[in-house]
Amino acid sequence: MPRGAVRSVWISVDDGIPQQVKDLAAEHKAIRARRSVAPQWRTRGLPRAQASEVRAAWLEEVQRQQKGGELLDTQDAIVEFGVREELRSRGWDHDWDEPPAMAWSPGRWIGSRDRGLDGFPERLSVRLDAALATRAVAACWWTSAPAIRELQAWRDRHPGITPPRYELDEEGRARLTGPLAEYVRLADKITTTGTIWRAGVTLGLAQARAVLEAEQAAKPTVTPGN
């Protein structure tokens, strides 16, 4: 079936990640080209109507393989597969109530903390299935909502205290006491959409590499002289 509506997503990632995604998608395009010449997908010599049916069936097969992680020939497919897997691993791959408008705000969620001084130096742009993106945002919002409300109340109680801006290591956490320790404890309960998108990139890249390795292992060995 044709792909439905999509939603553009910008993902902050580590250095080199966008190029890795691009390179693996290109290698999977070569896999797609090889698979497309299988006998069942050939249209040469067929009547127009039958050839059209074969091409439509091939496109449907490509979409099936993309969703199943068997063919990740676009940057979108790599990340989309990974996001689905991340939601599944968390038990979040089910229907949720519609997230509020504020969940889609481009601003940072309360409780968000920077990775560190270097942050994430690059950005990756992909278009995800709109229903999947909505599910991810809703899952992040509704699982984080209790902690978000508590952090809002924390700010009301402690207007003069500046919470930690960056992620803390174990030693940094151990030094915190009182209200700041409470803030970090609550912030740990918040899952931002960026966390899910980056996990999706990681899982998608891993799957794309695994498919390539399997393809290479399946290639027949050519013995010299034969």
# chains A, B, ... in the order shown; residues from 1 in each chain; ligands from 1
>>> residues_around(residues="A:Pro18", least_positions_apart="6", cutoff="9 Å", atoms="only C-alpha atoms", output="PyMOL selection string")
chain A and resi 75+122-125
>>> write_last_selection(atoms="C-alpha atoms", output="PDB file, in the first residue's frame")
ATOM      1  CA  GLN A  75      17.537   7.745   4.993  1.00  0.00           C
ATOM      2  CA  GLU A 122      25.369  17.625  13.434  1.00  0.00           C
ATOM      3  CA  ARG A 123      21.714  17.446  12.398  1.00  0.00           C
ATOM      4  CA  LEU A 124      19.939  14.841  10.319  1.00  0.00           C
ATOM      5  CA  SER A 125      16.693  15.583   8.498  1.00  0.00           C
TER       6      SER A 125
END
>>> closest_atom_pairs(of="stretch 82-114 of chain A", to="stretch 182-191 of chain A", cutoff="9 Å", atoms="only C-alpha atoms", output="CSV")
residue,atom,partner,partner_atom,distance
A:Trp109,CA,A:Ile190,CA,8.8
A:Ile110,CA,A:Ala187,CA,8.1
A:Gly111,CA,A:Ala187,CA,4.7
A:Ser112,CA,A:Ala187,CA,7.1
A:Arg113,CA,A:Ala187,CA,8.4
>>> write_last_selection(atoms="N, CA and C atoms", output="tab-separated table (two decimals), in the first residue's frame")
chain	number	residue	atom	x	y	z
A	109	TRP	N	11.64	20.72	26.12
A	109	TRP	CA	10.73	20.32	27.19
A	109	TRP	C	11.37	20.66	28.52
A	110	ILE	N	10.54	20.97	29.51
A	110	ILE	CA	11.05	21.16	30.85
A	110	ILE	C	11.74	19.87	31.28
A	111	GLY	N	12.88	20.00	31.91
A	111	GLY	CA	13.64	18.83	32.33
A	111	GLY	C	14.69	18.40	31.34
A	112	SER	N	14.65	18.97	30.12
A	112	SER	CA	15.66	18.62	29.13
A	112	SER	C	17.01	19.17	29.57
A	113	ARG	N	18.05	18.39	29.31
A	113	ARG	CA	19.39	18.84	29.65
A	113	ARG	C	20.31	18.64	28.46
>>> select_by_dssp(residues="stretch 65-204 of chain A", states="helix (DSSP H, G or I)", output="PyMOL selection string")
chain A and resi 65-68+75-90+101-104+130-157+170-175+178-187+193-204
>>> select_by_dssp(residues="stretch 18-214 of chain A", states="strand (DSSP E or B)", output="JSON, numbers by chain")
{"A": [114, 122, 123, 124, 125, 126, 127, 128, 129, 166]}
>>> closest_residue(among="A:Leu128, A:Ala138, A:Val54, A:Phe81", to="A:Gln66", atoms="only C-alpha atoms")
A:Phe81
>>> atom_distance(atom1="atom CA of A:Asp114", atom2="atom CA of A:Arg165")
6.1 Å
>>> closest_residue(among="A:Arg48, A:Arg42, A:Arg88, A:Lys67", to="A:Gln207", atoms="only C-alpha atoms")
A:Lys67
>>> closest_residue(among="A:Arg34, A:His158, A:Arg108, A:Arg209", to="A:Val21", atoms="only C-alpha atoms")
A:Arg209
>>> residues_around(residues="A:Arg84", least_positions_apart="6", cutoff="9 Å", atoms="only C-alpha atoms", output="PDB file with C-alpha atoms, in the first residue's frame")
ATOM      1  CA  LYS A  67       9.067  -1.822   7.122  1.00  0.00           C
ATOM      2  CA  ASP A  93       4.104   0.542  20.208  1.00  0.00           C
ATOM      3  CA  LEU A 132       4.621   6.763  13.715  1.00  0.00           C
ATOM      4  CA  ALA A 136       6.444   8.577  19.390  1.00  0.00           C
ATOM      5  CA  GLY A 200      16.017   5.157  16.053  1.00  0.00           C
TER       6      GLY A 200
END
